[in-house]
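Taking it in order: structure first as structure tokens, then the write-up.
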Amino acid sequence: MIFKVFGKKELPRLFDVIAVNRVVGPVQKGTDKNGSPLHTFGEVRDFAELSLDYKTTILSAKRFVLPFHETLCTFRVTENGWEKDVDFNVRGPTVFFGLHACDINAFNRLDKVLMESVYPTPYYASKRKNMFIIGTNCEPQPYCFCRSMGTDTALHGFDLFLTDIGDRYFAEVQSATAYNFLLQIKTADPKEKDHQRYMDVVAEKNKKFTAHVDNTDLTKILDMEFQSQAWKEWGDKCLSCGTCANVCPTCYCYGVEETVDMNATGARKIKSLHSCNLIDFAEVAGGHNFRPERHSRLKYRYYHKHRGFVEAFEESLCVGCGRCGEACLADITVPEVIASVRGEGH
Amino acid sequence: MDNRLPLVDIMEEGTHRRHDDIGSFEYTYKAEIMNIYPMTASEKLYQIQIIEPDRRNRFSFQPGQFVMLEIPGVGEAPFSISSSPIRHGFVELCIRNVGNLTGFLARMQRGAQIGIRGPFGTQFPVGEMEGSDVLLVAGGLGIVPLRSAILTVLENRSRYGSVDIVYGAKTPSELLFTYQYEMWRKFDINLSIIVETPDDEWKGPTGFLTRILEDRVAQAGANFAANTYAIVCGPPVMFKHVCGMLTKAGIPMQKMFVSLERRMHCGRGKCCRCNIGSTYTCLKGPVFDYWSIMNLKEAI
Amino acid sequence: MKVSCNVNVHHLTRVEGHGNIQIRIRNGKVETAQWEVVETPRFFEAMLVGKNWDNAPWICGRICGICSIGHTLASIRGIENAFGIVPSEQTRKLRILLKHMETLQSHVLHLYFLAAPDFLNLGSVIPLVEANPGVVKMAAGLKLLANDACDVIGGRRLHPTRTVVGGFTMLPEKGQLEAIKKRLEAAMADLVKTADIFRTFKIPAFVRETEFVSLGSAKEYPFIGGDLVSTDGVRKPEHEYRKMTNEYCVEQSTSKWSRLSRKSFAVGALARLNNNFAMLHPEARKLSESFGLEPVNHNPYMNNIAQLVECVHVTLDSIAIIDELLGSKWDEPRQPVTPKSGVGVGAVEVPRGILYHCYEFDAKGKIVKSDCIIPTSQNHANIQHDIEELARVSGDSGKKDEEIELLASMLVRAYDPCISCSVH
Amino acid sequence: MTQERTYLGVPLHKPKVAFFELSSCEGCQLQIVNNEATLLDFLSLVEIVNFREAMTERSNDYEIAFVEGSVTRADEITRLTEIRRNAAVLVALGSCACFGGVNQLKNRFHDIAWVKKEVYGKHPVETEAEAKPLEAFVRVDLKIFGCPIKKEEVEKIVTNVALGRPVQHPKFPVCMECKANENICLFDLGEPCLGPVTRAGCDSWCPNSRMGCWGCRGPADDANVEQLRNIAKKHGISAEAMLDRLECFGGFASHVDEIRGKAKAKKTASAAKGGVNPPSSPLGKGRRR
Ligand SMILES: Cc1cc2nc3c(=O)[nH]c(=O)nc-3n(C[C@H](O)[C@H](O)[C@H](O)COP(=O)(O)OP(=O)(O)OC[C@H]3O[C@@H](n4cnc5c(N)ncnc54)[C@H](O)[C@@H]3O)c2cc1C
Ligand code: SF4
Ligand code: SF4
Ligand code: SF4
């Protein structure tokens with residue numbers, strides 16, 4: 001890997017170099033009742049709009065690859081036949097400016113199922129292939145447990161990763177394109193003291209994690225504790241509202257609905273992200289519901305993320321960003337649920 | 001310097017080298033309803049042909065597999081192919097009118113254009129079964145996917161040992177493919193049919209399907225188990241009873257196959273609707289051996 | 001010479017709510033001439049009792065589907081007056097703008113979809129869809145513009161979601177306002193066309209002198225708050241609205257009736273125009289004059305034209321307001337609210353006339369008592385007397401039953417009554 | 001347009017439809033007229049034979065009756081029964097028709113005499129003791145939820161009816177749509193919201209405007225109301241504010257009864273009847289009118 005350092009003042013210049021493309025980054029969406037800022041990922045035209053010191057965004061960047069609603073195709077319907085027009089809904093490349101490691105890893109994990117396994121999803125792949133990602137380092141929050149999930153650093157899946165080492169940025173350069181961009185601002189090769197500063201920053205960060213998930217033997221434990229009373233208790237609290245899945249950077253379940261236009265000469269097929277917590281998620285013809293109870297659906301989300309996905313891809317589908325626990329009104333958080341299922345202190 | 005990033009077209013780039021990759025995901029073959037045969041009050045058999053000759057000829061499937069049938073603007077849903085894989089050029093789907101898509105389909109006419117994606121999913125191991133005895137158990141609509149296997153066995157009758165079909169339905173009027181029973185029997189197939197609620201004309205046995213099954217298990221004795229493949233299709237409640245019973249009778253779990261039904265939107269292991277844990281029914285199933293099922297929570 | 005007639009309209013169409021017209025003339029003598037309101041009461045004033053203050057605008061907006069924005073704003077004003085809250089200049093402008101768009105929406109709906117069919121001898125606008133799609137499209141376009149603007153400012157065209165005591169929950173984006181402004185500018189041409197169309201209609205010549213009540217202002221054509229005035233020279237402050245309305249119950253109506261200096265009075269576009277003609281936008285005033293509509297006009301059918309004039313006024317005024325908003329930075333959308341005990345009145349000019357909401361609160365901000373007086377209920381008595389007069393003159397004129405029925409129906413429709421609202 | 005239209009060979013049914021209103025603000029019907037952009041397409045899908053708010057012609061020959069409003073007076077029961085007799089399909093249009101809507105707020109006093117007096121003083125008026133949804137009197141085939149109804153939803157429903165497709169409402173709550181719209185959760189702003197328990201389909205109309213949901217579409221399937229109340233409490237939102245919302249449109253009536261029942265049980269026998277007691281002495285002695 002190639003490393004570079006550059007002064008903080010160079011960052012806006014880098015932005016300007018890149019901003020001939022569509023840029024998406026963390027922006028402030030509003031403030032909560034205590035006046036703390038709330039961030040989201042949004043389109044940015046000016047460097048000043050970026051809030052690179054954000055903690056976590058309320059929603060992940062998932063929607064840029066998996067929109068909440070996406071028209072998969074349209075139909076032109078004639079008297080007795082039809083023509084189908086498929087559009088992957090990509091209009092151009094997008095630069096992501098300021099993703100944290102967990103969110104970069106989230107994309108990497110989604111890739112495994114949506115792009116790297118058999119039958120890649122073209123809608124996802126076409127967006128994913130048109131991403132240019134600039135990562136930035138972050139400050140662990142009380143709800144972050146990415147370190148437990150092995151996602152506190154991003155090893156790949158970005159073009160450039162910037163770590164704030166005080167007066168300058170330490171840059172990991174992973175693509176030629178990124179290198180070319182950097183050529184247009186003032187950079188230097190890192191010195192020994194930059195390396196040291198980088199390691200200090202990382203060590204400092206590691207000390208700050210307070211939330212943890214014990215993944216030891218988790219796939220087996222989830223299987224063993226399938227009937228655990230803990231599920232029932234969480235299920236009683238759960239609102240089955242789907243919020244956890246919607247804010248999650250890696251939940252990708254969806255439903256499809258087809259509608260006929262009012263003039264009856266056109267139709268469309270629309271995909272909407274769903275959640276396995278929704279009551280009719282596992283309903284089949286004849287009205288049989290495989291998971292009619294709240295707790296069984298809640299359990300399934302964990303079962304899929306922390307067991308099924310691990311079995312298939314050797315790692316969990318959860319990246320420990322903590323968004324779901326933060327967004328859940330019922331305070332259902334991954335560390336607590338897993339601890340309780342493991343029989344720890346619940 | 002031009003800093004604009006190039007637009008990557010995945011159709012040209014590595015990910016989707018073959019057009020058919022996307023084809024299988026979102027490419028729907030245009031197909032025509034050739035014939036419609038009403039079977040019961042709520043089921044009809046649809047004979048469907050892919051319109052483009054080239055694609056039609058290339059289309060092949062195995063018993064147990066399914067297709068996604070799409071009516072533009074109305075919906076798309078999975079249906080097991082009910083015809084024999086040897087009969088090229090068309091597929092037969094036996095479809096029960098239960099709701100949106102199936103309701104609209106029931107009002108469509110011969111010649112109407114629909115869409116087909118597939119075939120998808122795993123198959124019944126008809127090849128592996130050669131040389132063995134075969135026990136086919138169907139409850140209700142379960143006969144639909146099973147029929148493809150039945151026809152395959154019939155067409156190669158000499159390659160199989162004894163063939164038993166146990167088929168149960170709620171009432172005689174709900175029995176499917178009645179016109180074919182004679183023909184099946186001619187091929188030295190032991191076909192037993194049972195209904196839960198008889199009507200005036202019904203002369204056969206009544207009760208749950210497990211009743212006949214118990215008799216057959218008792219009849220076959222030890223010999224039955226070792227050399228037998230079983231396929232079980234039907235509603236989820238049936239699996240537990242039947243598979244449990246057959247396991248007890250000694251049929252090895254890995255020689256017993258079931259076909260599961262889940263909601264499906266993609267058929268490609270992406271929408272998660274058919275997931276059991278992280279096991280996609282559309283990719284690893286719908287046909288599973290019973291051992292795999294035992295290892296899946298809430299599978300049946 | 002016609003001596004007998006029997007007109008019986010059960011559930012008059014193309015008006016909001018349920019009302020009946022009965023006219024019976026025998027041997028030249030008017031036996032019955034009656035405007036009955038048979039709408040079911042919903043008891044909004046009782047519903048609110050015991051509820052917290054913040055329920056009122058949300059619930060009271062539901063008094064009327066056509067002018068829910070006006071109801072919401074009147075309710076909010078009543079509460080703000082009770083709590084001593086003065087809206088910021090930004091809030092005031094946005095509210096007026098929202099109000100204007102509701103007025104435009106409602107007037108266009110009335111002019112084209114409810115009133116015009118009468119002049120064209122049609123039962124509804126539907127035949128026009130085939131006969132003259134261009135005009136229908138234009139009318140729908142105007143309404144859509146106004147409705148879209150309501151969405152942008154109030155969150156929703158019907159039962160708005162952003163309007164709250166203290167201001168707004170959220171502000172529109174400036175780009176959205178700019179887009180609305182462009183559409184408003186383009187809409188002027190359509191309004192001119194509308195005027196041309198209405199110029200071809202024959203407005204029945206009918207005059208009955210009455211009193212006209214509305215908000216009155218020397219600063220602007222008034223829509224939200226201020227003094228209450230009448231063409232008979234009465235002037236009252238907002239909180240003395242009851243001295244203006246003097247509600248009482250009558251047999252023939254589930255809605256209450258009102259009176260002031262005479263046996264009845266009228267509110268609505270014509271009343272506003274009669275009282276505030278000088279405050280109209282010059283273009284609107286010119287248009288009014290071109291129709292021979294100048295104060296004080298006593299032909300109730302001219303209310304249609306007054307609505308048309310107001311459409312032009314609100315469109316032009318809205319463009320000016322948007323310009324002002326675009327020229328300044330956004331302030332906080334909403335100010336904090338501290339409830340306190342007291343009584344507050346909100347008077348707002350909604351499309352059909354002046355509307356009052358009045359609430360009494362205890363110290364915690366719970367509603368102890370409430371009162372809503374709806375424009376149409378103030379108009380009912382006036383409609384009744386107009387019908388009587390119409391019966392009298394028609395009885396002498398030798399008109400056919402159908403003609404009288406049409407004239408009477410048109411008369412009631414001219415008031416654009418909102419009947420379910422008047423009963424609430 | 002006399003020639004029959006088809007969709008993929010299946011005839012498009014052009015039903016004769018009629019609109020009626022009982023006690024309501026007529027806003028839901030207005031929403032239909034508010035279909036400006038698609039009005040013409042709408043009119044090509046149905047044949048409107050009765051729409052008092054917009055047309056003079058009327059007919060009793062209709063298949064689908066859209067009935068807005070709740071039942072509050074005896075004559076409305078008669079009208080409704082007659083509509084039911086004429087219509088093959090009766091559609092409850094809007095929250096008033098589905099649940100009683102805001103009109104049912106008066107029911108909470110369980111004292112119609114007081115309610116009447118509060119508004120009309122001594123003047124006699126006729127009204128039923130309680131405002132009720134259509135379902136209390138006739139069979140309802142289809143419900144269109146919302147106060148007001150969402151025109152996009154009506155359009156979809158009408159298109160489906162023309163195609164002969166069943167109409168399905170979302171079973172999940174408003175939060176789903178709210179998140180998809182990337183709103184800041186109202187609870188983060190310290191405001192009450194019924195989104196987690198209310199049936200979706202409105203595209204989180206109110207939260208999109210930073211107004212917490214009032215539950216106008218009634219409960220989602222398996223709504224966890226009990227838990228939402230605990231949550232609200234934890235967020236410092238008063239039980240009363242939640243109750244105000246739950247009882248606003250009538251969709252949560254059974255939950256409200258339960259909550260009030262519990263509250264009453266706690267307070268022992270002081271309240272004679274269930275529900276809220278009307279204030280014993282209305283402030284400002286006597287009626288002002
Ligand atoms: C592998 C497989 C093979 C099948 N083979 C057959 C067959 O041969 N014949 C047959 O009649 N039926 C078969 N089905 C069932 C069939 O797919 C459903 O009956 C069909 O989806 C109903 O569609 P609908 O639009 O008419 O129903 P809807 O109106 O959508 O719903 C009716 C019911 O079906 C459920 N449902 C909706 N969409 C799906 C979906 N995509 N998958 C499963 N359930 C759904 C709903 O939850 C609801 O309970 C099969 C299902 C699977 C998974
Ligand atoms: S499950 Fe929760 S913590 Fe894990 S990735 Fe999803 S939102 Fe983040
Ligand atoms: S604002 Fe309401 S609807 Fe939206 S997420 Fe929060 S609770 Fe759910
Ligand atoms: S957010 Fe709630 S109150 Fe608002 S429209 Fe939707 S369901 Fe009704």
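Identifiers in the structure tokens: chain A, B, ... in order shown; residue index from 1 per chain; ligand index from 1 in order shown.
Proximal residues of ligand 3 are Thr243 of chain A; Val174, Cys175, Cys178, Lys179, Asn183, Ile184, Cys185, Leu186, Phe187, Cys193, Leu194, Gly195, Pro196, Ser204, Pro207, Gly212 and Cys213 of chain D, by a cut-off of 7 Å on only C-alpha atoms and all ligand atoms.
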Go ahead and write the selection's residues with C-alpha atoms as a compact mmCIF listing (two decimals), in the first residue's frame.
```txt
# COMPACT_ATOMS: atom_id res chain seq x y z
CA THR A 243 -36.42 0.45 12.07
CA VAL D 174 -45.48 3.88 9.64
CA CYS D 175 -41.88 3.79 10.97
CA CYS D 178 -40.58 7.13 7.90
CA LYS D 179 -37.12 5.61 7.87
CA ASN D 183 -36.74 11.59 8.69
CA ILE D 184 -35.36 12.44 12.08
CA CYS D 185 -37.35 10.36 14.52
CA LEU D 186 -39.83 12.53 16.42
CA PHE D 187 -38.82 10.84 19.66
CA CYS D 193 -45.45 9.81 17.58
CA LEU D 194 -47.70 6.85 16.94
CA GLY D 195 -45.69 5.76 13.92
CA PRO D 196 -44.48 2.54 15.56
CA SER D 204 -45.24 8.73 6.80
CA PRO D 207 -43.44 12.67 10.31
CA GLY D 212 -45.63 13.05 15.05
CA CYS D 213 -48.14 10.53 13.74
```
Report task. Would you list the residues that come within 8 Å of ligand 1? Count only C-alpha atoms and all ligand atoms and give the answer as an MDAnalysis selection string. Result -> (chainID A and resid 280:289) or (chainID B and resid 43 65:67 74:82 93:104 121 141:142 144:145 259:265 274 281:282 285:286) or (chainID D and resid 166)
Keeping only C-alpha atoms, write those residues as a tab-separated table (two decimals), in the first residue's frame.
```
chain	number	residue	atom	x	y	z
A	280	ASP	CA	-45.91	-10.77	7.18
A	281	PHE	CA	-42.30	-11.26	6.23
A	282	ALA	CA	-42.45	-15.02	6.34
A	283	GLU	CA	-46.02	-15.46	5.24
A	284	VAL	CA	-46.65	-17.79	2.32
A	285	ALA	CA	-49.60	-18.70	0.15
A	286	GLY	CA	-52.59	-19.81	2.11
A	287	GLY	CA	-51.72	-17.35	4.85
A	288	HIS	CA	-49.38	-19.66	6.75
A	289	ASN	CA	-46.86	-17.57	8.65
B	43	GLU	CA	-56.69	-25.07	-9.70
B	65	GLN	CA	-37.33	-27.04	-10.01
B	66	PHE	CA	-39.53	-24.03	-10.30
B	67	VAL	CA	-39.97	-20.97	-12.48
B	74	VAL	CA	-49.56	-7.69	-11.46
B	75	GLY	CA	-46.78	-9.65	-9.85
B	76	GLU	CA	-44.36	-12.47	-9.96
B	77	ALA	CA	-44.35	-15.71	-8.01
B	78	PRO	CA	-42.68	-19.11	-7.94
B	79	PHE	CA	-44.40	-22.16	-9.35
B	80	SER	CA	-43.10	-25.70	-9.54
B	81	ILE	CA	-42.87	-27.17	-12.96
B	82	SER	CA	-45.32	-30.01	-13.15
B	93	LEU	CA	-47.80	-25.34	-14.22
B	94	CYS	CA	-50.66	-26.30	-12.00
B	95	ILE	CA	-51.69	-23.18	-10.17
B	96	ARG	CA	-54.09	-22.59	-7.35
B	97	ASN	CA	-55.96	-19.31	-7.28
B	98	VAL	CA	-55.09	-17.88	-3.88
B	99	GLY	CA	-54.62	-14.20	-4.41
B	100	ASN	CA	-53.29	-11.41	-6.47
B	101	LEU	CA	-51.20	-12.95	-9.20
B	102	THR	CA	-52.91	-16.29	-9.29
B	103	GLY	CA	-56.31	-14.59	-9.30
B	104	PHE	CA	-55.40	-12.49	-12.30
B	121	GLY	CA	-33.79	-24.27	-7.42
B	141	LEU	CA	-50.95	-29.23	-3.84
B	142	GLY	CA	-47.78	-31.20	-3.11
B	144	VAL	CA	-47.82	-30.60	-8.37
B	145	PRO	CA	-44.01	-30.66	-8.08
B	259	SER	CA	-39.88	-29.52	-1.17
B	260	LEU	CA	-40.32	-26.40	0.92
B	261	GLU	CA	-42.41	-23.39	0.18
B	262	ARG	CA	-41.40	-19.90	1.13
B	263	ARG	CA	-42.21	-16.49	-0.18
B	264	MET	CA	-39.82	-15.62	-3.00
B	265	HIS	CA	-39.20	-12.50	-4.95
B	274	CYS	CA	-37.24	-17.49	1.49
B	281	THR	CA	-34.86	-21.90	-0.21
B	282	CYS	CA	-34.55	-20.73	-3.78
B	285	GLY	CA	-33.92	-25.63	-2.15
B	286	PRO	CA	-36.80	-25.89	-2.62
D	166	PRO	CA	-57.36	-7.71	-4.50
```
Requested in this report: Find the residues near region 200-215 of chain B: any atom within 12 Å, counting only C-alpha atoms, skip ones fewer than 4 places away on the same chain, and give them as a ChimeraX atom specification.
Outcome: /B:135-140,164-173,175,190-196,219-221,230,232-234,237-246,248-249
Query raised in the report: For chain B, which residues have at least one atom within 7 Å of chain D, if we go by only C-alpha atoms? Write them as a list in words, please.
Result: Asn100, Phe104, Arg107, Met108, Gln109, Ala112 and Gln113 of chain B
Report task. DSSP on the backbone, then: every residue of region 17-185 of chain A marked alpha helix (DSSP H), written as number ranges by chain. Result -> A: 17-18, 101-111, 122-128, 146-149, 176-182
Output N, CA, C and O atoms for every residue in the selection just made, as a CSV table (one decimal), in the first residue's frame.
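Below is the file that was written, again-v5.csv:
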```csv
chain,number,residue,atom,x,y,z
A,17,VAL,N,-11.0,19.2,-6.2
A,17,VAL,CA,-10.5,18.4,-7.3
A,17,VAL,C,-11.5,17.3,-7.7
A,17,VAL,O,-11.8,17.1,-8.8
A,18,ILE,N,-12.0,16.7,-6.6
A,18,ILE,CA,-12.9,15.6,-6.8
A,18,ILE,C,-14.3,16.0,-7.2
A,18,ILE,O,-15.1,15.2,-7.8
A,101,ALA,N,-14.9,3.2,8.9
A,101,ALA,CA,-14.5,1.8,8.6
A,101,ALA,C,-15.7,0.9,8.6
A,101,ALA,O,-15.8,0.0,7.8
A,102,CYS,N,-16.6,1.0,9.6
A,102,CYS,CA,-17.7,0.1,9.7
A,102,CYS,C,-18.5,0.1,8.4
A,102,CYS,O,-19.0,-0.9,7.9
A,103,ASP,N,-18.8,1.3,7.9
A,103,ASP,CA,-19.6,1.4,6.7
A,103,ASP,C,-18.9,0.9,5.5
A,103,ASP,O,-19.6,0.4,4.6
A,104,ILE,N,-17.6,1.1,5.4
A,104,ILE,CA,-16.9,0.5,4.3
A,104,ILE,C,-17.0,-1.0,4.4
A,104,ILE,O,-17.2,-1.7,3.4
A,105,ASN,N,-16.8,-1.5,5.6
A,105,ASN,CA,-16.9,-3.0,5.7
A,105,ASN,C,-18.3,-3.5,5.5
A,105,ASN,O,-18.5,-4.6,5.0
A,106,ALA,N,-19.2,-2.7,5.8
A,106,ALA,CA,-20.6,-3.1,5.5
A,106,ALA,C,-20.8,-3.3,4.0
A,106,ALA,O,-21.4,-4.3,3.6
A,107,PHE,N,-20.2,-2.4,3.2
A,107,PHE,CA,-20.3,-2.6,1.7
A,107,PHE,C,-19.6,-3.9,1.3
A,107,PHE,O,-20.0,-4.7,0.5
A,108,ASN,N,-18.4,-4.1,2.0
A,108,ASN,CA,-17.7,-5.3,1.6
A,108,ASN,C,-18.5,-6.5,1.9
A,108,ASN,O,-18.4,-7.5,1.2
A,109,ARG,N,-19.2,-6.5,3.0
A,109,ARG,CA,-20.0,-7.7,3.3
A,109,ARG,C,-21.2,-7.9,2.4
A,109,ARG,O,-21.5,-9.0,2.0
A,110,LEU,N,-21.8,-6.7,2.1
A,110,LEU,CA,-22.9,-6.8,1.2
A,110,LEU,C,-22.4,-7.4,-0.2
A,110,LEU,O,-23.1,-8.2,-0.8
A,111,ASP,N,-21.2,-7.0,-0.5
A,111,ASP,CA,-20.7,-7.5,-1.8
A,111,ASP,C,-20.7,-9.0,-1.9
A,111,ASP,O,-21.0,-9.6,-2.9
A,122,PRO,N,-27.5,-7.1,-10.5
A,122,PRO,CA,-27.0,-6.1,-11.4
A,122,PRO,C,-27.3,-4.7,-10.8
A,122,PRO,O,-26.5,-3.8,-11.0
A,123,TYR,N,-28.4,-4.5,-10.2
A,123,TYR,CA,-28.8,-3.2,-9.6
A,123,TYR,C,-27.8,-2.8,-8.6
A,123,TYR,O,-27.4,-1.6,-8.5
A,124,TYR,N,-27.4,-3.7,-7.8
A,124,TYR,CA,-26.4,-3.4,-6.7
A,124,TYR,C,-25.0,-3.2,-7.4
A,124,TYR,O,-24.4,-2.2,-7.1
A,125,ALA,N,-24.7,-4.2,-8.2
A,125,ALA,CA,-23.3,-4.2,-8.7
A,125,ALA,C,-23.1,-2.9,-9.5
A,125,ALA,O,-22.0,-2.3,-9.4
A,126,SER,N,-24.0,-2.5,-10.3
A,126,SER,CA,-23.8,-1.3,-11.1
A,126,SER,C,-23.6,-0.1,-10.3
A,126,SER,O,-22.8,0.8,-10.7
A,127,LYS,N,-24.2,0.0,-9.2
A,127,LYS,CA,-23.9,1.2,-8.3
A,127,LYS,C,-22.6,1.0,-7.6
A,127,LYS,O,-21.9,2.0,-7.4
A,128,ARG,N,-22.4,-0.2,-7.1
A,128,ARG,CA,-21.2,-0.5,-6.4
A,128,ARG,C,-19.9,-0.2,-7.2
A,128,ARG,O,-18.9,0.3,-6.7
A,146,CYS,N,-17.8,-2.2,16.8
A,146,CYS,CA,-17.2,-2.7,15.6
A,146,CYS,C,-15.9,-3.6,15.9
A,146,CYS,O,-15.6,-4.5,15.1
A,147,ARG,N,-15.3,-3.2,16.9
A,147,ARG,CA,-14.0,-3.9,17.2
A,147,ARG,C,-14.3,-5.4,17.5
A,147,ARG,O,-13.6,-6.3,17.1
A,148,SER,N,-15.5,-5.7,18.1
A,148,SER,CA,-15.8,-7.1,18.3
A,148,SER,C,-16.1,-7.8,17.0
A,148,SER,O,-16.0,-9.0,16.9
A,149,MET,N,-16.6,-7.0,16.0
A,149,MET,CA,-17.0,-7.6,14.8
A,149,MET,C,-15.9,-7.6,13.8
A,149,MET,O,-16.1,-8.0,12.6
A,176,ALA,N,-5.3,3.7,-8.1
A,176,ALA,CA,-4.5,4.7,-9.0
A,176,ALA,C,-5.3,6.0,-9.1
A,176,ALA,O,-4.7,7.0,-9.2
A,177,THR,N,-6.6,5.9,-9.2
A,177,THR,CA,-7.4,7.1,-9.4
A,177,THR,C,-7.1,8.0,-8.2
A,177,THR,O,-7.0,9.2,-8.3
A,178,ALA,N,-7.2,7.4,-7.0
A,178,ALA,CA,-7.0,8.2,-5.8
A,178,ALA,C,-5.6,8.8,-5.8
A,178,ALA,O,-5.4,10.0,-5.5
A,179,TYR,N,-4.6,8.0,-6.3
A,179,TYR,CA,-3.2,8.5,-6.4
A,179,TYR,C,-3.2,9.8,-7.3
A,179,TYR,O,-2.6,10.8,-7.0
A,180,ASN,N,-3.9,9.6,-8.4
A,180,ASN,CA,-3.9,10.8,-9.4
A,180,ASN,C,-4.6,12.0,-8.8
A,180,ASN,O,-4.1,13.1,-9.0
A,181,PHE,N,-5.6,11.8,-8.0
A,181,PHE,CA,-6.2,13.0,-7.3
A,181,PHE,C,-5.2,13.6,-6.4
A,181,PHE,O,-5.1,14.8,-6.3
A,182,LEU,N,-4.5,12.8,-5.6
A,182,LEU,CA,-3.6,13.3,-4.6
A,182,LEU,C,-2.4,14.1,-5.3
A,182,LEU,O,-1.9,15.0,-4.7
```
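All of the residues in chain C within 6 Å of chain D are Thr13, Arg14, Val15, Glu16, Thr40, Arg42, Ala46, Met47, Ile63, Cys64, Gly65, Gly123, Ser124, Ala140, Leu144, Gly155, Thr161, Arg162 and Thr169 of chain C, where only C-alpha atoms were counted.
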Please produce, as a tab-separated table, a per-residue contact table for chain A versus ligand 2 (criterion: any atom at most 10 Å away, only C-alpha atoms and all ligand atoms considered), showing the nearest atom pair and its distance in Å to one decimal, sorted by chain then residue number.
```
residue	atom	partner	partner_atom_place_in_ligand_line	distance
A:Ile58	CA	ligand 2	7 (S)	9.9
A:Leu59	CA	ligand 2	7 (S)	8.9
A:Ser60	CA	ligand 2	7 (S)	8.3
A:Cys102	CA	ligand 2	5 (S)	7.9
A:Asp103	CA	ligand 2	5 (S)	8.4
A:Asn105	CA	ligand 2	5 (S)	9.6
A:Ala106	CA	ligand 2	5 (S)	7.1
A:Tyr143	CA	ligand 2	3 (S)	8.5
A:Cys144	CA	ligand 2	3 (S)	7.6
A:Phe145	CA	ligand 2	3 (S)	7.5
A:Cys146	CA	ligand 2	3 (S)	7.9
A:Met149	CA	ligand 2	4 (Fe)	8.8
A:Thr151	CA	ligand 2	5 (S)	9.9
A:Thr243	CA	ligand 2	7 (S)	9.3
A:Cys244	CA	ligand 2	7 (S)	6.0
A:Ala245	CA	ligand 2	6 (Fe)	6.7
A:Asn246	CA	ligand 2	7 (S)	8.1
A:Val247	CA	ligand 2	7 (S)	5.8
A:Cys248	CA	ligand 2	7 (S)	3.4
A:Pro249	CA	ligand 2	5 (S)	5.6
A:Thr250	CA	ligand 2	6 (Fe)	5.8
A:Cys251	CA	ligand 2	6 (Fe)	6.5
A:Arg301	CA	ligand 2	1 (S)	8.2
A:Tyr302	CA	ligand 2	1 (S)	7.8
A:Lys305	CA	ligand 2	1 (S)	7.3
A:His306	CA	ligand 2	1 (S)	9.0
A:Ser316	CA	ligand 2	4 (Fe)	8.9
A:Leu317	CA	ligand 2	5 (S)	6.8
A:Cys318	CA	ligand 2	4 (Fe)	3.7
A:Val319	CA	ligand 2	5 (S)	4.2
A:Gly320	CA	ligand 2	3 (S)	4.0
A:Cys321	CA	ligand 2	8 (Fe)	4.0
A:Gly322	CA	ligand 2	3 (S)	3.7
A:Arg323	CA	ligand 2	7 (S)	4.4
A:Cys324	CA	ligand 2	7 (S)	4.0
A:Gly325	CA	ligand 2	2 (Fe)	6.2
A:Glu326	CA	ligand 2	7 (S)	8.6
A:Ala327	CA	ligand 2	7 (S)	8.6
A:Cys328	CA	ligand 2	2 (Fe)	9.6
A:Ile332	CA	ligand 2	2 (Fe)	9.7
A:Thr333	CA	ligand 2	2 (Fe)	7.4
A:Val334	CA	ligand 2	3 (S)	6.2
A:Pro335	CA	ligand 2	3 (S)	8.6
```
Query - Closest of C:His10, C:His380, C:Arg156, C:Arg199 to ligand 4 - atom-to-atom distances counting only C-alpha atoms and all ligand atoms - result: C:Arg156
**Report entry** Arg117 (chain B) environment, 7 Å, only C-alpha atoms, sequence neighbours closer than 4 positions dropped, as number ranges by chain
**Finding:** B: 24, 27-29, 67-69
Report task. Specify as a count of residues only all residues of chain A found within 6 Å of chain B, counting only C-alpha atoms. Result -> 18
Requested in this report: Just give me the gap between CA of Val154 (chain D) and CA of His71 (chain C) in Å, one decimal is fine.
Outcome: 25.2 Å
